[in-house]
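To be precise, the following lines are final_33.txt, and they hold compact mmCIF, C-alpha atoms.
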# COMPACT_ATOMS: atom_id res chain seq x y z
CA MET A 274 -55.94 95.11 3.11
CA SER A 275 -56.74 91.40 2.92
CA PRO A 276 -57.04 89.29 6.07
CA GLY A 277 -53.90 87.37 5.17
CA ASN A 278 -51.93 90.59 5.10
CA THR A 279 -53.32 91.63 8.49
CA LYS A 280 -52.30 88.32 10.03
CA GLN A 281 -48.83 88.54 8.50
CA ARG A 282 -48.38 92.14 9.70
CA MET A 283 -49.30 91.02 13.20
CA LEU A 284 -46.84 88.12 13.09
CA ASP A 285 -44.07 90.35 11.72
CA SER A 286 -44.77 92.90 14.46
CA ALA A 287 -44.69 90.19 17.12
CA VAL A 288 -41.33 88.94 15.79
CA LEU A 289 -39.88 92.44 15.94
CA LEU A 290 -41.23 92.97 19.45
CA LEU A 291 -39.83 89.60 20.58
CA ARG A 292 -36.44 90.50 19.17
CA GLU A 293 -36.34 93.88 20.87
CA ARG A 294 -38.40 93.46 24.05
CA GLY A 295 -38.47 89.74 24.80
CA ALA A 296 -41.56 87.60 25.24
CA ALA A 297 -42.87 89.71 28.11
CA GLY A 298 -42.87 92.75 25.82
CA VAL A 299 -45.18 91.13 23.29
CA THR A 300 -48.62 92.22 24.37
CA VAL A 301 -51.74 92.31 22.25
CA ASP A 302 -51.80 96.11 22.57
CA ALA A 303 -48.16 96.41 21.49
CA VAL A 304 -48.71 94.18 18.45
CA LEU A 305 -51.84 96.10 17.46
CA ALA A 306 -50.07 99.43 17.83
CA HIS A 307 -47.06 98.30 15.83
CA SER A 308 -48.97 96.47 13.09
CA GLY A 309 -51.86 98.91 12.77
CA ALA A 310 -54.28 95.97 12.85
CA PRO A 311 -57.77 96.44 14.26
CA ARG A 312 -58.39 94.99 17.74
CA GLY A 313 -60.90 92.41 16.52
CA SER A 314 -58.32 90.87 14.22
CA VAL A 315 -56.38 89.37 17.13
CA TYR A 316 -59.01 86.85 18.08
CA HIS A 317 -60.06 86.36 14.46
CA HIS A 318 -56.55 85.32 13.38
CA PHE A 319 -55.30 84.07 16.74
CA PRO A 320 -58.22 82.53 18.67
CA GLY A 321 -55.74 81.45 21.35
CA GLY A 322 -54.92 85.11 21.99
CA ARG A 323 -51.49 86.36 22.93
CA ASN A 324 -49.98 82.91 23.43
CA GLU A 325 -50.96 81.76 19.96
CA LEU A 326 -49.64 84.99 18.48
CA VAL A 327 -46.28 84.69 20.27
CA LEU A 328 -45.89 81.03 19.34
CA GLY A 329 -46.76 81.80 15.72
CA ALA A 330 -44.21 84.59 15.63
CA VAL A 331 -41.45 82.40 17.06
CA ARG A 332 -42.35 79.60 14.67
CA GLN A 333 -42.11 82.08 11.77
CA ALA A 334 -38.74 83.40 12.96
CA GLY A 335 -37.45 79.87 13.52
CA ASP A 336 -38.60 78.83 10.05
CA TYR A 337 -36.82 81.84 8.54
CA ILE A 338 -33.46 80.92 10.09
CA THR A 339 -34.05 77.23 9.31
CA ALA A 340 -34.62 78.11 5.65
CA MET A 341 -31.42 80.16 5.63
CA VAL A 342 -29.44 77.28 7.14
CA ASP A 343 -31.09 74.73 4.84
CA ALA A 344 -30.30 76.84 1.75
CA SER A 345 -26.68 77.02 2.83
CA VAL A 346 -26.67 73.31 3.61
CA ALA A 347 -27.88 72.66 0.07
CA ASP A 348 -24.77 74.48 -1.15
CA GLY A 349 -22.74 72.00 0.90
CA ASP A 350 -20.23 74.48 2.29
CA VAL A 351 -20.30 74.62 6.08
CA ARG A 352 -18.02 77.66 6.23
CA GLN A 353 -20.43 79.52 3.94
CA THR A 354 -23.32 78.47 6.19
CA VAL A 355 -21.65 80.01 9.24
CA GLU A 356 -20.69 83.12 7.27
CA ARG A 357 -24.32 83.60 6.20
CA LEU A 358 -25.57 83.25 9.76
CA VAL A 359 -22.96 85.67 11.09
CA GLY A 360 -23.70 88.10 8.25
CA PHE A 361 -27.43 87.94 8.94
CA TRP A 362 -26.91 88.75 12.63
CA ARG A 363 -24.36 91.49 11.88
CA ARG A 364 -26.98 93.22 9.71
CA ALA A 365 -29.83 92.63 12.17
CA LEU A 366 -27.83 93.99 15.09
CA THR A 367 -26.52 97.09 13.34
CA ARG A 368 -29.83 97.93 11.63
CA SER A 369 -31.65 97.75 14.95
CA ASP A 370 -28.97 99.69 16.85
CA TYR A 371 -28.25 96.50 18.83
CA ARG A 372 -31.85 96.06 19.99
CA ALA A 373 -32.64 92.95 17.92
CA GLY A 374 -31.90 89.60 19.46
CA CYS A 375 -33.06 86.14 18.55
CA PRO A 376 -36.84 85.66 19.05
CA VAL A 377 -36.29 81.98 19.84
CA VAL A 378 -33.93 82.86 22.68
CA ALA A 379 -36.38 85.51 23.87
CA LEU A 380 -39.10 82.89 24.16
CA ALA A 381 -36.74 80.40 25.79
CA ILE A 382 -35.75 82.88 28.48
CA ASP A 383 -38.96 84.47 29.66
CA SER A 384 -42.01 82.40 28.85
CA ARG A 385 -41.91 79.27 30.96
CA GLU A 386 -44.92 80.05 33.14
CA SER A 387 -46.92 82.25 30.82
CA ILE A 388 -46.70 80.10 27.67
CA PRO A 389 -46.41 76.41 28.57
CA GLU A 390 -46.04 75.31 24.92
CA ALA A 391 -43.00 77.52 24.46
CA ALA A 392 -40.44 75.06 25.80
CA GLU A 393 -41.33 72.39 23.26
CA LEU A 394 -41.35 74.84 20.35
CA VAL A 395 -37.97 76.27 21.35
CA ARG A 396 -36.49 72.76 21.66
CA GLU A 397 -37.86 71.86 18.24
CA ILE A 398 -36.42 74.95 16.54
CA PHE A 399 -32.96 74.60 18.09
CA ALA A 400 -32.99 70.89 17.19
CA ARG A 401 -33.79 71.72 13.54
CA TRP A 402 -30.90 74.19 13.39
CA ARG A 403 -28.53 71.71 15.00
CA THR A 404 -29.65 68.87 12.72
CA SER A 405 -29.22 70.94 9.56
CA LEU A 406 -25.78 72.11 10.61
CA ALA A 407 -24.76 68.57 11.61
CA GLU A 408 -25.86 67.33 8.18
CA VAL A 409 -23.68 69.82 6.34
CA LEU A 410 -20.78 69.08 8.67
CA SER A 411 -21.17 65.33 8.02
CA ALA A 412 -21.36 66.03 4.28
CA ASN A 413 -18.06 67.92 4.66
CA GLY A 414 -16.35 64.85 6.09
CA PHE A 415 -16.82 65.27 9.83
CA PRO A 416 -17.69 62.08 11.71
CA ASP A 417 -21.35 62.13 12.82
CA ALA A 418 -20.64 62.47 16.56
CA ARG A 419 -18.23 65.37 16.00
CA ALA A 420 -20.62 66.97 13.48
CA LYS A 421 -23.36 67.01 16.14
CA ARG A 422 -21.03 68.53 18.74
CA LEU A 423 -19.79 71.19 16.31
CA ALA A 424 -23.37 71.99 15.31
CA THR A 425 -24.23 72.53 18.98
CA LEU A 426 -21.14 74.71 19.37
CA ILE A 427 -22.07 76.83 16.34
CA VAL A 428 -25.64 77.45 17.52
CA ALA A 429 -24.62 78.12 21.13
CA ALA A 430 -21.69 80.36 20.19
CA ILE A 431 -23.63 82.48 17.71
CA GLU A 432 -26.62 82.85 20.05
CA GLY A 433 -24.31 83.78 22.92
CA ALA A 434 -22.44 86.24 20.74
CA ILE A 435 -25.72 87.94 19.79
CA ILE A 436 -26.46 88.51 23.47
CA LEU A 437 -22.97 89.87 24.10
CA CYS A 438 -23.18 92.15 21.05
CA ARG A 439 -26.40 93.62 22.39
CA ALA A 440 -24.89 94.13 25.83
CA ARG A 441 -21.70 95.72 24.48
CA ARG A 442 -23.37 97.49 21.57
CA ASP A 443 -20.71 96.32 19.15
CA LEU A 444 -20.10 93.41 16.82
CA SER A 445 -16.79 92.19 18.23
CA PRO A 446 -18.27 89.17 20.11
CA LEU A 447 -19.83 87.91 16.88
CA ASP A 448 -16.61 88.54 14.98
CA ASP A 449 -14.63 86.72 17.69
CA VAL A 450 -16.95 83.70 17.56
CA HIS A 451 -16.73 83.61 13.78
CA ALA A 452 -12.93 83.83 13.86
CA GLU A 453 -12.67 80.96 16.35
CA ILE A 454 -15.25 78.70 14.72
CA ALA A 455 -13.90 79.04 11.17
CA PRO A 456 -10.67 77.06 11.76
CA LEU A 457 -12.66 74.24 13.35
CA LEU A 458 -14.55 73.81 10.07
CA GLY A 459 -11.47 73.18 7.91
CA GLU A 460 -10.15 74.89 4.85
Starting from the coordinates I provided, produce the structure as structure tokens.
Amino acid sequence: MSPGNTKQRMLDSAVLLLRERGAAGVTVDAVLAHSGAPRGSVYHHFPGGRNELVLGAVRQAGDYITAMVDASVADGDVRQTVERLVGFWRRALTRSDYRAGCPVVALAIDSRESIPEAAELVREIFARWRTSLAEVLSANGFPDARAKRLATLIVAAIEGAIILCRARRDLSPLDDVHAEIAPLLGE
């Protein structure tokens, strides 16, 4: 397997571990065991060790969601954007038997002391999501100030619903959030 594939396997494994175990659960040993990568590949691909690996995984996960939002934004339909996000999380939660949460939230919650760079990365990712959503809301006729507030509401509500879904082991919190946000976005 080529080095690029090894690095990607390690990042994908770190994302999965973040989603299911939180930042504290992403250890070098856990990533190696999950990815099947040889021990020496960690410091070859991630000279900064565990912290660099975790940050790279969160960046990758953040970029994935950003791309999903941006693709929906390009379509110009804010309701469709929210439906895609809710659909993505419905699938992720059910496929993982409610173990998969948001890797960005995982890093935000339990990495302050161990990964100092985490706070800035998390702020940047949430800001990108909010900005993209605010842009599509503005394009759909919402005044800029309200578009920013609604974008914050969408991100916060969906992220909170994901946590509640995991705790309850059902999708009803995500469905409730979707049902309450949809009317705010217009017909």
- Query: What gap, in Å, lies between atom CA of A:Ala434 and atom CA of A:Ala379?
  - Reply: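 Answer for the atom CA of A:Ala434 to atom CA of A:Ala379 separation: 14.3 Å.
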- Note on the structure: Of A:Pro446, A:Gly433, A:Pro456, A:Gly335, the one sitting nearest A:Glu397 when using only C-alpha atoms is A:Gly335
- Task: Return the single residue from A:Ala400, A:Val304, A:Ile454, A:Ala297 that is closest to A:Ile388, with distances computed using all atoms listed in the file.
- Result: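 Under the stated criterion, the closest residue is A:Ala297.
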Closest pair table for stretch 384-445 of chain A residues within 8 Å of stretch 366-378 of chain A, all atoms listed in the file, as a Markdown table:
| residue | atom | partner | partner_atom | distance |
| --- | --- | --- | --- | --- |
| A:Val395 | CA | A:Val377 | CA | 6.1 |
| A:Ile398 | CA | A:Val377 | CA | 7.8 |
| A:Glu432 | CA | A:Cys375 | CA | 7.4 |
| A:Ile435 | CA | A:Gly374 | CA | 6.4 |
| A:Ile436 | CA | A:Gly374 | CA | 6.8 |
| A:Cys438 | CA | A:Tyr371 | CA | 7.0 |
| A:Arg439 | CA | A:Tyr371 | CA | 4.9 |
| A:Arg442 | CA | A:Tyr371 | CA | 5.7 |
| A:Asp443 | CA | A:Tyr371 | CA | 7.5 |
| A:Leu444 | CA | A:Leu366 | CA | 7.9 |
- Task: Between atom CA of A:Leu447 and atom CA of A:Leu426, measure the distance and give it in Å to one decimal.
- Result: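 Interatomic distance here is 13.5 Å.
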- Task: Skip A:Arg352 itself and residues of its chain fewer than 4 positions away, then list as a PyMOL selection string all residues within 8 Å of it, counting only C-alpha atoms.
- Result: chain A and resi 356+455+458
Any chance you can output those residues with C-alpha atoms as a compact mmCIF listing (two decimals), in the frame of the given file?
# COMPACT_ATOMS: atom_id res chain seq x y z
CA GLU A 356 -20.69 83.12 7.27
CA ALA A 455 -13.90 79.04 11.17
CA LEU A 458 -14.55 73.81 10.07
Shell of 10 Å around A:Gln353, only C-alpha atoms, local chain residues under 6 positions omitted, as a short mmCIF file (atom, residue, chain, number, x, y, z; two decimals) with C-alpha atoms, keeping the file's coordinate frame:
data_model
loop_
_atom_site.label_atom_id
_atom_site.label_comp_id
_atom_site.auth_asym_id
_atom_site.auth_seq_id
_atom_site.Cartn_x
_atom_site.Cartn_y
_atom_site.Cartn_z
CA VAL A 342 -29.44 77.28 7.14
CA SER A 345 -26.68 77.02 2.83
CA VAL A 346 -26.67 73.31 3.61
CA VAL A 359 -22.96 85.67 11.09
CA ALA A 455 -13.90 79.04 11.17
#
- Task: Mind checking which residues fall within 12 Å of A:Gln281, counting all atoms listed in the file, ignoring those fewer than 6 positions away in the same chain, and posting them as a ChimeraX atom specification?
- Result: /A:274-275,287-288,304,308-310,314-315,318-319,326,329-330,333
- Between atom CA of A:Phe361 and atom CA of A:Leu423, what is the spacing in Å?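 That distance, rounded to one decimal, is 19.8 Å.
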- Message: Between A:Lys280, A:Arg292, A:Arg403, A:Arg422, which residue has the minimum interatomic distance to A:Leu457, considering only C-alpha atoms?
- Response: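 Among the listed residues, the smallest separation from A:Leu457 belongs to A:Arg422.
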- Query: Of the candidates A:Asp417, A:Asp336, A:Asp448, A:Asp350, which shows the shortest atom-to-atom distance to A:Leu394, using only C-alpha atoms?
  - Reply: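 Nearest to A:Leu394: A:Asp336.
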